[in-house]
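Below is work.cif, holding mmCIF, C-alpha atoms.
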data_model
loop_
_atom_site.label_atom_id
_atom_site.label_comp_id
_atom_site.auth_asym_id
_atom_site.auth_seq_id
_atom_site.Cartn_x
_atom_site.Cartn_y
_atom_site.Cartn_z
CA MET A 1 121.89 95.61 102.19
CA SER A 2 120.53 97.58 99.24
CA LEU A 3 117.44 96.77 97.22
CA SER A 4 119.90 95.82 94.44
CA ASN A 5 121.44 93.30 96.79
CA TYR A 6 118.00 91.93 97.59
CA GLN A 7 117.41 91.69 93.87
CA LYS A 8 120.60 89.61 93.53
CA LYS A 9 119.58 87.41 96.45
CA VAL A 10 116.18 86.71 94.87
CA ASP A 11 117.83 86.19 91.48
CA LYS A 12 120.18 83.58 92.92
CA TRP A 13 117.20 81.74 94.37
CA ALA A 14 115.15 82.02 91.15
CA ASN A 15 118.03 80.81 88.98
CA GLN A 16 117.95 77.38 90.56
CA TYR A 17 114.86 76.74 88.49
CA LYS A 18 114.27 75.94 84.83
CA THR A 19 111.92 78.92 84.55
CA PRO A 20 113.41 81.46 86.95
CA TYR A 21 110.61 84.00 86.57
CA TRP A 22 106.93 83.68 85.72
CA GLN A 23 105.17 85.69 83.03
CA PRO A 24 104.36 89.34 83.96
CA HIS A 25 100.64 88.69 84.38
CA GLU A 26 101.40 85.70 86.60
CA ILE A 27 103.73 87.75 88.84
CA LEU A 28 101.10 90.49 88.96
CA ALA A 29 98.54 87.92 90.10
CA ARG A 30 100.97 86.90 92.84
CA ILE A 31 101.35 90.52 93.98
CA THR A 32 97.52 90.76 94.02
CA GLU A 33 97.33 87.57 96.07
CA GLU A 34 99.91 88.83 98.58
CA THR A 35 98.13 92.20 98.84
CA GLY A 36 94.95 90.22 99.57
CA GLU A 37 96.69 88.35 102.39
CA LEU A 38 97.86 91.65 103.86
CA ALA A 39 94.24 92.90 103.66
CA ARG A 40 92.99 89.87 105.55
CA LEU A 41 95.61 90.41 108.26
CA ILE A 42 94.83 94.14 108.59
CA ASN A 43 91.11 93.33 108.98
CA HIS A 44 92.07 90.67 111.49
CA ILE A 45 94.17 93.06 113.61
CA TYR A 46 92.24 96.32 113.17
CA GLY A 47 88.91 95.25 111.72
CA PRO A 48 85.50 94.48 113.18
CA LYS A 49 86.77 91.90 115.65
CA LYS A 50 90.09 93.51 116.65
CA LYS A 51 91.96 90.49 117.96
CA LYS A 52 95.42 91.79 118.77
CA SER A 53 98.02 89.13 119.41
CA SER A 54 101.72 89.19 120.19
CA GLU A 55 102.54 87.62 116.83
CA ASP A 56 100.83 90.31 114.79
CA GLU A 57 103.93 92.37 114.24
CA GLN A 58 106.00 89.42 113.06
CA GLU A 59 103.21 88.24 110.76
CA LEU A 60 102.74 91.75 109.39
CA GLY A 61 106.46 92.01 108.64
CA GLU A 62 106.30 88.78 106.68
CA GLU A 63 103.20 89.74 104.70
CA LEU A 64 104.87 93.03 103.75
CA SER A 65 108.03 91.17 102.75
CA ASP A 66 106.01 88.69 100.66
CA ILE A 67 104.75 91.67 98.66
CA ILE A 68 108.30 93.05 98.28
CA PHE A 69 109.52 89.58 97.21
CA ALA A 70 106.94 89.41 94.41
CA VAL A 71 107.70 93.03 93.42
CA VAL A 72 111.42 92.17 93.25
CA CYS A 73 110.62 89.20 90.97
CA MET A 74 108.77 91.55 88.60
CA ALA A 75 111.70 93.98 88.64
CA ASN A 76 114.29 91.23 88.09
CA SER A 77 112.42 89.74 85.16
CA HIS A 78 112.58 93.18 83.51
CA ASP A 79 116.19 94.08 84.46
CA ILE A 80 114.93 97.02 86.48
CA ASN A 81 117.26 98.55 89.09
CA LEU A 82 114.98 99.22 92.07
CA ASP A 83 117.51 101.46 93.87
CA GLU A 84 117.35 103.93 91.01
CA ALA A 85 113.57 103.66 90.63
CA PHE A 86 113.01 104.04 94.38
CA ASP A 87 115.20 107.14 94.45
CA ARG A 88 113.03 108.69 91.74
CA VAL A 89 109.94 107.94 93.85
CA ILE A 90 111.52 109.54 96.94
CA ASP A 91 112.39 112.60 94.83
CA LYS A 92 108.79 112.73 93.61
CA ALA A 93 107.57 112.62 97.25
CA TYR A 94 109.81 115.58 98.10
CA GLY A 95 108.83 117.41 94.93
CA ARG A 96 105.32 117.33 93.54
CA ASP A 97 103.69 115.84 96.61
CA ASN A 98 105.58 117.69 99.32
CA GLU A 99 102.89 120.22 100.21
CA ARG A 100 100.06 117.75 100.03
CA TYR A 101 99.67 117.31 103.81
CA GLU A 102 99.76 119.67 106.76
CA LYS A 103 103.30 120.22 108.01
CA LYS A 104 104.45 120.27 111.60
CA MET B 1 121.42 101.08 100.74
CA SER B 2 119.51 98.58 102.89
CA LEU B 3 115.75 98.36 103.28
CA SER B 4 116.34 99.76 106.79
CA ASN B 5 117.99 102.75 105.22
CA TYR B 6 115.04 103.17 102.88
CA GLN B 7 112.80 102.99 105.92
CA LYS B 8 114.81 105.85 107.51
CA LYS B 9 114.63 107.87 104.31
CA VAL B 10 110.84 107.50 104.15
CA ASP B 11 110.57 108.22 107.87
CA LYS B 12 112.49 111.46 107.46
CA TRP B 13 110.08 112.50 104.71
CA ALA B 14 106.99 111.44 106.68
CA ASN B 15 108.11 113.26 109.82
CA GLN B 16 107.81 116.63 108.15
CA TYR B 17 104.06 116.22 108.58
CA LYS B 18 101.70 116.58 111.51
CA THR B 19 100.41 113.06 110.93
CA PRO B 20 103.47 111.21 109.63
CA TYR B 21 101.61 107.96 108.88
CA TRP B 22 98.02 107.20 107.97
CA GLN B 23 95.88 104.59 109.70
CA PRO B 24 96.64 100.95 108.78
CA HIS B 25 93.47 100.55 106.68
CA GLU B 26 94.29 103.76 104.84
CA ILE B 27 97.83 102.61 104.02
CA LEU B 28 96.41 99.25 102.92
CA ALA B 29 94.02 101.08 100.59
CA ARG B 30 97.03 102.91 99.15
CA ILE B 31 98.87 99.62 98.55
CA THR B 32 95.70 98.32 96.83
CA GLU B 33 95.54 101.47 94.70
CA GLU B 34 99.22 101.15 93.70
CA THR B 35 98.75 97.44 92.89
CA GLY B 36 95.83 98.49 90.69
CA GLU B 37 98.04 100.97 88.83
CA LEU B 38 100.61 98.23 88.25
CA ALA B 39 97.80 96.01 86.91
CA ARG B 40 96.73 98.69 84.46
CA LEU B 41 100.32 99.08 83.24
CA ILE B 42 100.84 95.31 82.83
CA ASN B 43 97.63 95.08 80.78
CA HIS B 44 98.83 98.06 78.79
CA ILE B 45 102.22 96.50 77.99
CA TYR B 46 101.29 92.81 77.74
CA GLY B 47 97.52 92.81 77.47
CA PRO B 48 95.04 92.70 74.61
CA LYS B 49 96.47 95.72 72.82
CA LYS B 50 100.19 95.19 73.51
CA LYS B 51 101.52 98.70 72.95
CA LYS B 52 105.19 98.49 73.85
CA SER B 53 106.96 101.79 74.29
CA SER B 54 110.49 102.77 75.23
CA GLU B 55 109.26 104.28 78.49
CA ASP B 56 107.63 101.09 79.75
CA GLU B 57 110.62 99.94 81.76
CA GLN B 58 111.03 103.26 83.55
CA GLU B 59 107.31 103.46 84.28
CA LEU B 60 107.26 99.87 85.51
CA GLY B 61 110.16 100.61 87.87
CA GLU B 62 108.25 103.52 89.33
CA GLU B 63 105.00 101.61 89.77
CA LEU B 64 106.92 98.86 91.58
CA SER B 65 108.65 101.46 93.76
CA ASP B 66 105.31 103.13 94.56
CA ILE B 67 104.17 99.79 95.99
CA ILE B 68 107.41 99.44 98.00
CA PHE B 69 107.00 103.02 99.26
CA ALA B 70 103.52 102.28 100.61
CA VAL B 71 104.72 98.96 102.06
CA VAL B 72 107.57 100.81 103.82
CA CYS B 73 105.03 103.28 105.30
CA MET B 74 103.06 100.37 106.76
CA ALA B 75 106.27 98.86 108.19
CA ASN B 76 107.44 102.17 109.65
CA SER B 77 104.12 102.89 111.33
CA HIS B 78 104.49 99.52 113.10
CA ASP B 79 108.22 99.73 113.92
CA ILE B 80 108.88 96.69 111.76
CA ASN B 81 112.46 96.04 110.57
CA LEU B 82 112.03 94.98 106.94
CA ASP B 83 115.60 93.65 106.61
CA GLU B 84 114.88 91.04 109.26
CA ALA B 85 111.43 90.23 107.89
CA PHE B 86 112.72 89.97 104.32
CA ASP B 87 115.48 87.59 105.45
CA ARG B 88 112.86 85.33 106.99
CA VAL B 89 110.97 85.34 103.68
CA ILE B 90 114.14 84.45 101.73
CA ASP B 91 114.77 81.62 104.22
CA LYS B 92 111.20 80.41 103.69
CA ALA B 93 111.77 80.43 99.91
CA TYR B 94 114.87 78.26 100.36
CA GLY B 95 113.13 76.05 102.87
CA ARG B 96 109.50 75.06 102.51
CA ASP B 97 109.09 76.23 98.94
CA ASN B 98 112.43 75.17 97.49
CA GLU B 99 111.24 72.04 95.66
CA ARG B 100 108.06 73.62 94.40
CA TYR B 101 109.31 74.19 90.83
CA GLU B 102 111.36 72.13 88.40
CA LYS B 103 115.08 72.69 88.89
CA LYS B 104 117.67 73.22 86.22
CA MET C 1 66.53 88.11 90.30
CA SER C 2 67.85 91.63 89.95
CA LEU C 3 70.92 93.06 91.60
CA SER C 4 68.48 95.03 93.78
CA ASN C 5 66.98 91.75 94.89
CA TYR C 6 70.44 90.43 95.68
CA GLN C 7 71.00 93.58 97.68
CA LYS C 8 67.85 92.86 99.67
CA LYS C 9 68.90 89.24 100.21
CA VAL C 10 72.30 90.34 101.57
CA ASP C 11 70.64 93.05 103.65
CA LYS C 12 68.32 90.51 105.26
CA TRP C 13 71.34 88.39 106.19
CA ALA C 14 73.36 91.39 107.44
CA ASN C 15 70.48 92.69 109.57
CA GLN C 16 70.62 89.65 111.83
CA TYR C 17 73.70 91.24 113.36
CA LYS C 18 74.29 94.06 115.80
CA THR C 19 76.60 95.73 113.30
CA PRO C 20 75.08 94.82 109.94
CA TYR C 21 77.86 96.41 107.86
CA TRP C 22 81.54 97.04 108.52
CA GLN C 23 83.27 100.38 108.02
CA PRO C 24 84.01 101.32 104.38
CA HIS C 25 87.76 100.67 104.71
CA GLU C 26 87.04 97.29 106.27
CA ILE C 27 84.70 96.28 103.43
CA LEU C 28 87.30 97.51 100.95
CA ALA C 29 89.91 95.31 102.65
CA ARG C 30 87.50 92.38 102.24
CA ILE C 31 87.10 93.10 98.52
CA THR C 32 90.92 93.23 98.26
CA GLU C 33 91.16 89.91 100.09
CA GLU C 34 88.59 88.28 97.81
CA THR C 35 90.33 89.67 94.71
CA GLY C 36 93.53 88.12 96.07
CA GLU C 37 91.84 84.74 96.39
CA LEU C 38 90.64 85.00 92.81
CA ALA C 39 94.22 85.83 91.77
CA ARG C 40 95.54 82.72 93.52
CA LEU C 41 92.93 80.57 91.76
CA ILE C 42 93.67 82.06 88.33
CA ASN C 43 97.40 81.37 88.82
CA HIS C 44 96.49 77.89 89.97
CA ILE C 45 94.38 77.15 86.88
CA TYR C 46 96.26 79.12 84.20
CA GLY C 47 99.61 79.92 85.81
CA PRO C 48 103.03 78.31 85.79
CA LYS C 49 101.80 74.91 86.90
CA LYS C 50 98.48 74.77 85.03
CA LYS C 51 96.65 72.15 87.08
CA LYS C 52 93.18 71.98 85.58
CA SER C 53 90.60 70.13 87.63
CA SER C 54 86.92 69.43 87.21
CA GLU C 55 86.10 71.62 90.20
CA ASP C 56 87.76 74.73 88.80
CA GLU C 57 84.63 76.17 87.27
CA GLN C 58 82.57 75.77 90.43
CA GLU C 59 85.37 77.26 92.55
CA LEU C 60 85.79 80.15 90.11
CA GLY C 61 82.05 80.88 90.27
CA GLU C 62 82.25 81.07 94.05
CA GLU C 63 85.32 83.30 94.12
CA LEU C 64 83.61 85.68 91.69
CA SER C 65 80.46 85.63 93.82
CA ASP C 66 82.50 86.31 96.98
CA ILE C 67 83.70 89.51 95.31
CA ILE C 68 80.14 90.46 94.31
CA PHE C 69 78.95 89.73 97.87
CA ALA C 70 81.51 92.16 99.34
CA VAL C 71 80.71 94.72 96.64
CA VAL C 72 77.00 94.42 97.50
CA CYS C 73 77.82 95.03 101.19
CA MET C 74 79.63 98.25 100.24
CA ALA C 75 76.65 99.33 98.10
CA ASN C 76 74.10 98.48 100.81
CA SER C 77 75.97 100.36 103.51
CA HIS C 78 75.76 103.45 101.27
CA ASP C 79 72.15 102.99 100.04
CA ILE C 80 73.37 102.63 96.48
CA ASN C 81 71.04 101.05 93.91
CA LEU C 82 73.33 98.78 91.89
CA ASP C 83 70.81 98.23 89.08
CA GLU C 84 70.91 101.92 88.27
CA ALA C 85 74.70 102.16 88.66
CA PHE C 86 75.27 99.06 86.53
CA ASP C 87 73.05 100.44 83.79
CA ARG C 88 75.18 103.59 83.70
CA VAL C 89 78.28 101.42 83.34
CA ILE C 90 76.71 99.45 80.47
CA ASP C 91 75.78 102.74 78.79
CA LYS C 92 79.38 103.92 79.23
CA ALA C 93 80.61 100.70 77.59
CA TYR C 94 78.34 101.34 74.60
CA GLY C 95 79.26 105.00 74.48
CA ARG C 96 82.77 106.22 75.20
CA ASP C 97 84.43 102.82 75.01
CA ASN C 98 82.54 101.32 72.11
CA GLU C 99 85.21 101.76 69.43
CA ARG C 100 88.08 100.77 71.69
CA TYR C 101 88.48 97.26 70.27
CA GLU C 102 88.39 95.80 66.79
CA LYS C 103 84.86 94.90 65.74
CA LYS C 104 83.74 91.75 64.00
CA MET D 1 66.96 91.95 86.14
CA SER D 2 68.89 88.89 87.30
CA LEU D 3 72.65 88.49 87.28
CA SER D 4 72.09 86.05 84.39
CA ASN D 5 70.38 88.86 82.52
CA TYR D 6 73.32 91.14 83.25
CA GLN D 7 75.57 88.42 81.95
CA LYS D 8 73.55 88.35 78.69
CA LYS D 9 73.68 92.15 78.45
CA VAL D 10 77.47 92.14 78.83
CA ASP D 11 77.75 89.23 76.41
CA LYS D 12 75.80 91.11 73.77
CA TRP D 13 78.17 94.06 74.16
CA ALA D 14 81.28 91.84 74.12
CA ASN D 15 80.16 89.94 71.03
CA GLN D 16 80.42 93.03 68.86
CA TYR D 17 84.17 92.50 68.98
CA LYS D 18 86.53 90.13 67.24
CA THR D 19 87.86 88.98 70.61
CA PRO D 20 84.84 89.21 72.89
CA TYR D 21 86.72 88.32 76.09
CA TRP D 22 90.32 88.80 77.17
CA GLN D 23 92.51 86.06 78.61
CA PRO D 24 91.78 85.13 82.27
CA HIS D 25 94.94 86.82 83.59
CA GLU D 26 94.07 89.96 81.65
CA ILE D 27 90.53 90.09 83.07
CA LEU D 28 91.98 89.47 86.54
CA ALA D 29 94.34 92.42 86.03
CA ARG D 30 91.30 94.52 85.13
CA ILE D 31 89.50 93.46 88.32
CA THR D 32 92.67 94.39 90.26
CA GLU D 33 92.76 97.77 88.50
CA GLU D 34 89.09 98.45 89.30
CA THR D 35 89.60 97.40 92.93
CA GLY D 36 92.49 99.87 93.04
CA GLU D 37 90.24 102.65 91.76
CA LEU D 38 87.70 101.83 94.46
CA ALA D 39 90.52 101.98 97.04
CA ARG D 40 91.55 105.43 95.83
CA LEU D 41 87.95 106.64 96.10
CA ILE D 42 87.46 105.19 99.61
CA ASN D 43 90.66 106.93 100.76
CA HIS D 44 89.41 110.08 99.10
CA ILE D 45 86.03 110.00 100.87
CA TYR D 46 87.00 108.46 104.23
CA GLY D 47 90.78 108.74 104.35
CA PRO D 48 93.23 111.24 105.79
CA LYS D 49 91.74 114.23 104.01
CA LYS D 50 88.03 113.33 104.17
CA LYS D 51 86.66 115.44 101.33
CA LYS D 52 83.00 114.54 101.12
CA SER D 53 81.19 115.71 98.02
CA SER D 54 77.67 115.31 96.73
CA GLU D 55 78.91 113.18 93.83
CA ASP D 56 80.58 110.57 96.04
CA GLU D 57 77.62 108.23 96.12
CA GLN D 58 77.18 108.23 92.36
CA GLU D 59 80.90 107.73 91.81
CA LEU D 60 80.99 104.93 94.37
CA GLY D 61 78.11 103.18 92.62
CA GLU D 62 79.99 103.31 89.34
CA GLU D 63 83.27 102.05 90.80
CA LEU D 64 81.40 99.11 92.36
CA SER D 65 79.65 98.43 89.05
CA ASP D 66 82.98 98.55 87.19
CA ILE D 67 84.17 95.72 89.43
CA ILE D 68 80.96 93.75 88.81
CA PHE D 69 81.33 94.35 85.05
CA ALA D 70 84.82 92.85 85.04
CA VAL D 71 83.68 89.98 87.26
CA VAL D 72 80.81 89.28 84.83
CA CYS D 73 83.32 89.19 81.94
CA MET D 74 85.35 86.55 83.79
CA ALA D 75 82.17 84.53 84.46
CA ASN D 76 80.97 84.82 80.85
CA SER D 77 84.29 83.71 79.41
CA HIS D 78 83.97 80.54 81.51
CA ASP D 79 80.24 79.88 80.97
CA ILE D 80 79.59 80.34 84.67
CA ASN D 81 76.02 81.03 85.84
CA LEU D 82 76.43 83.71 88.49
CA ASP D 83 72.88 83.34 89.85
CA GLU D 84 73.66 79.77 90.88
CA ALA D 85 77.11 80.64 92.23
CA PHE D 86 75.78 83.62 94.17
CA ASP D 87 73.08 81.49 95.74
CA ARG D 88 75.74 79.06 96.98
CA VAL D 89 77.60 82.00 98.54
CA ILE D 90 74.43 83.25 100.27
CA ASP D 91 73.84 79.72 101.57
CA LYS D 92 77.42 79.64 102.85
CA ALA D 93 76.83 82.96 104.65
CA TYR D 94 73.75 81.52 106.36
CA GLY D 95 75.51 78.26 107.11
CA ARG D 96 79.16 78.13 108.13
CA ASP D 97 79.54 81.85 108.80
CA ASN D 98 76.20 82.59 110.44
CA GLU D 99 77.42 82.71 114.04
CA ARG D 100 80.59 84.61 113.24
CA TYR D 101 79.31 88.00 114.46
CA GLU D 102 77.25 89.13 117.42
CA LYS D 103 73.52 88.92 116.72
CA LYS D 104 70.90 91.49 117.55
#
Structure translated into structure tokens:
Amino acid sequence: MSLSNYQKKVDKWANQYKTPYWQPHEILARITEETGELARLINHIYGPKKKKSSEDEQELGEELSDIIFAVVCMANSHDINLDEAFDRVIDKAYGRDNERYEKK
Amino acid sequence: MSLSNYQKKVDKWANQYKTPYWQPHEILARITEETGELARLINHIYGPKKKKSSEDEQELGEELSDIIFAVVCMANSHDINLDEAFDRVIDKAYGRDNERYEKK
Amino acid sequence: MSLSNYQKKVDKWANQYKTPYWQPHEILARITEETGELARLINHIYGPKKKKSSEDEQELGEELSDIIFAVVCMANSHDINLDEAFDRVIDKAYGRDNERYEKK
Amino acid sequence: MSLSNYQKKVDKWANQYKTPYWQPHEILARITEETGELARLINHIYGPKKKKSSEDEQELGEELSDIIFAVVCMANSHDINLDEAFDRVIDKAYGRDNERYEKK
């Protein structure tokens, strides 16, 4: 399923509601909140107390997806096609940034 | 193209390098940095000075994709399948959170 | 009490422990986490559901102080004098940035 | 100089302007942006490429102070006394969290 399809899936969910999408600053605050939850989890798994558990990977997948969900809401509320934008970012990685790190 | 395919695309890029993926805390710092760049752009477009320009949408798409790129790096370095994780998050949105906002 | 005094107060607390300060990336992750908690509170007070309560101001003060606490830990673990650094930032605000906004 | 005095110093600067303080979500976005700049610097100093320079400490002090500056703006725009709030956070550190880490 493409990012565009994810965008449609989120849009279908959002359009159940009177106000499908929040204001840009409110969605941004949500992305900040989700990034904060990822930070807490990373400190929990790899930080000073290093408590690895078997559920870490599942939890990490969901925190990462929570960020993507909020990012998709921001894109949808601006009619942005993420497949196109992501392709530009991949191109940028192969272009400008390609020699930034030591190659194999 | 599915998120899994994006993951493969990023993995192909990353595997050119001696150290394909950074440490978890380093990738987290990158996600934080990219979220900060999105915040600057949102304040630029919608904040106190509100300077709309025709390039805002394109720039916004790229900032959002930069976040997804870093999120995909974290997922890849943990062998996490984002399609599965994202589906769980969509299910959660339809489940626990579904009555959270006023419906149409 | 000056920021330097706050730094000493935090240092006294931290020095009870075997490892008084975490690694820089770990403290950064904590600042990110605390910023995320502030974001959740701001969305709670001013966001889509706008639920004002009498405890908001107290809670906001503590979230802001949690951020300062983590920032002070980063400064302490690098022997940075925040009074001096903050004065440079104030000077910068009066200098370079002083004409950025419309004056009274 | 106490945090309250810093608050007065920032307030004096802010009150030159027609709109002394931004909206809460806008100040939050600024805190997020400044946290992102700190993240970039921490990855620069301690991350994959580890380029230490003699100016790191000064730069780090200013990034930390930029965060405090934005936090002080949020406090000022809500008439929050940070000295009181910070003292509650120190008390919390000595209370609830005091046994969280291994002591000397």
What does the PyMOL selection byres ((chain C) within 10 of (chain A)) select in this file, as a PyMOL selection string? chain C and resi 19+21-23+25-44+46-48
Applied to the shown file, which residues does the PyMOL selection byres ((chain B and resi 57-69) around 6) return, written as an mmCIF file with C-alpha atoms, in the frame of the given file?
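Saved file part-v4.cif follows:
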data_model
loop_
_atom_site.group_PDB
_atom_site.id
_atom_site.type_symbol
_atom_site.label_atom_id
_atom_site.label_comp_id
_atom_site.auth_asym_id
_atom_site.auth_seq_id
_atom_site.Cartn_x
_atom_site.Cartn_y
_atom_site.Cartn_z
ATOM 1 C CA ALA A 85 113.570 103.660 90.630
ATOM 2 C CA PHE A 86 113.010 104.040 94.380
ATOM 3 C CA ILE B 31 98.870 99.620 98.550
ATOM 4 C CA GLU B 34 99.220 101.150 93.700
ATOM 5 C CA LEU B 38 100.610 98.230 88.250
ATOM 6 C CA GLU B 55 109.260 104.280 78.490
ATOM 7 C CA ASP B 56 107.630 101.090 79.750
ATOM 8 C CA ALA B 70 103.520 102.280 100.610
ATOM 9 C CA VAL B 71 104.720 98.960 102.060
ATOM 10 C CA VAL B 72 107.570 100.810 103.820
#
Could you tell me how far atom CA of Gln7 of chain A sits from atom CA of Tyr94 of chain B, in Å to one decimal place?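 For atom CA of Tyr94 of chain B relative to atom CA of Gln7 of chain A, the distance reads 15.1 Å.
Atom CA of Ile90 of chain B lies 8.1 Å from atom CA of Lys9 of chain A.
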Check what the PyMOL selection byres ((chain A and resi 15) around 12) selects in the file above and give those residues as a list in words.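 On the file shown, the PyMOL selection byres ((chain A and resi 15) around 12) covers Gln7, Lys8, Lys9, Val10, Asp11, Lys12, Trp13, Ala14, Gln16, Tyr17, Lys18, Thr19, Pro20, Tyr21, Trp22, Cys73, Asn76 and Ser77 of chain A; Asn98, Tyr101, Glu102, Lys103 and Lys104 of chain B.
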In Å, rounded to a single decimal, give me how far atom CA of Ile45 of chain A is from atom CA of Tyr6 of chain A.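 Computed distance, atom CA of Tyr6 of chain A to atom CA of Ile45 of chain A, equals 28.7 Å.
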From the options D:Asp83, D:Ala93, D:Ser53, D:Arg88, which residue's atoms come nearest to Leu3 of chain D, counting all atoms listed in the file?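 Result for the nearest residue to Leu3 of chain D: D:Asp83.
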Limit the output to all heavy atoms and give segment 41-48 of chain A as a compact mmCIF listing (two decimals), in the first residue's frame.
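Wrote it out as out.txt, contents follow:
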# COMPACT_ATOMS: atom_id res chain seq x y z
N LEU A 41 10.51 6.27 25.08
CA LEU A 41 10.71 4.84 24.83
C LEU A 41 12.18 4.53 24.52
O LEU A 41 12.73 3.53 25.02
CB LEU A 41 9.81 4.38 23.68
CG LEU A 41 9.86 2.89 23.35
CD1 LEU A 41 9.41 2.04 24.54
CD2 LEU A 41 9.00 2.56 22.13
N ILE A 42 12.82 5.38 23.72
CA ILE A 42 14.24 5.15 23.38
C ILE A 42 15.11 5.23 24.65
O ILE A 42 16.00 4.41 24.86
CB ILE A 42 14.72 6.16 22.30
CG1 ILE A 42 14.02 5.88 20.96
CG2 ILE A 42 16.24 6.13 22.15
CD1 ILE A 42 14.39 4.55 20.32
N ASN A 43 14.82 6.19 25.51
CA ASN A 43 15.56 6.25 26.79
C ASN A 43 15.25 5.03 27.66
O ASN A 43 16.11 4.55 28.39
CB ASN A 43 15.22 7.53 27.56
CG ASN A 43 16.31 8.57 27.45
OD1 ASN A 43 17.34 8.32 26.83
ND2 ASN A 43 16.09 9.74 28.04
N HIS A 44 14.03 4.54 27.55
CA HIS A 44 13.65 3.37 28.34
C HIS A 44 14.41 2.13 27.85
O HIS A 44 14.93 1.35 28.66
CB HIS A 44 12.14 3.15 28.20
CG HIS A 44 11.63 2.04 29.05
ND1 HIS A 44 11.42 2.17 30.40
CD2 HIS A 44 11.30 0.76 28.74
CE1 HIS A 44 10.97 1.02 30.88
NE2 HIS A 44 10.90 0.15 29.90
N ILE A 45 14.51 1.97 26.54
CA ILE A 45 15.17 0.77 25.98
C ILE A 45 16.70 0.89 26.02
O ILE A 45 17.39 -0.04 26.39
CB ILE A 45 14.73 0.51 24.51
CG1 ILE A 45 13.20 0.42 24.39
CG2 ILE A 45 15.37 -0.78 23.99
CD1 ILE A 45 12.71 0.26 22.96
N TYR A 46 17.21 2.07 25.62
CA TYR A 46 18.66 2.21 25.45
C TYR A 46 19.30 3.16 26.44
O TYR A 46 20.51 3.39 26.38
CB TYR A 46 18.97 2.72 24.04
CG TYR A 46 18.53 1.79 22.95
CD1 TYR A 46 17.40 2.06 22.20
CD2 TYR A 46 19.24 0.62 22.70
CE1 TYR A 46 16.99 1.18 21.20
CE2 TYR A 46 18.83 -0.25 21.71
CZ TYR A 46 17.71 0.03 20.96
OH TYR A 46 17.30 -0.83 19.99
N GLY A 47 18.51 3.75 27.31
CA GLY A 47 19.03 4.80 28.18
C GLY A 47 19.67 4.27 29.43
O GLY A 47 20.08 3.10 29.49
N PRO A 48 19.74 5.12 30.46
CA PRO A 48 20.53 4.81 31.66
C PRO A 48 20.16 3.50 32.32
O PRO A 48 20.99 2.88 32.97
CB PRO A 48 20.25 6.00 32.58
CG PRO A 48 19.32 6.91 31.88
CD PRO A 48 19.15 6.46 30.49
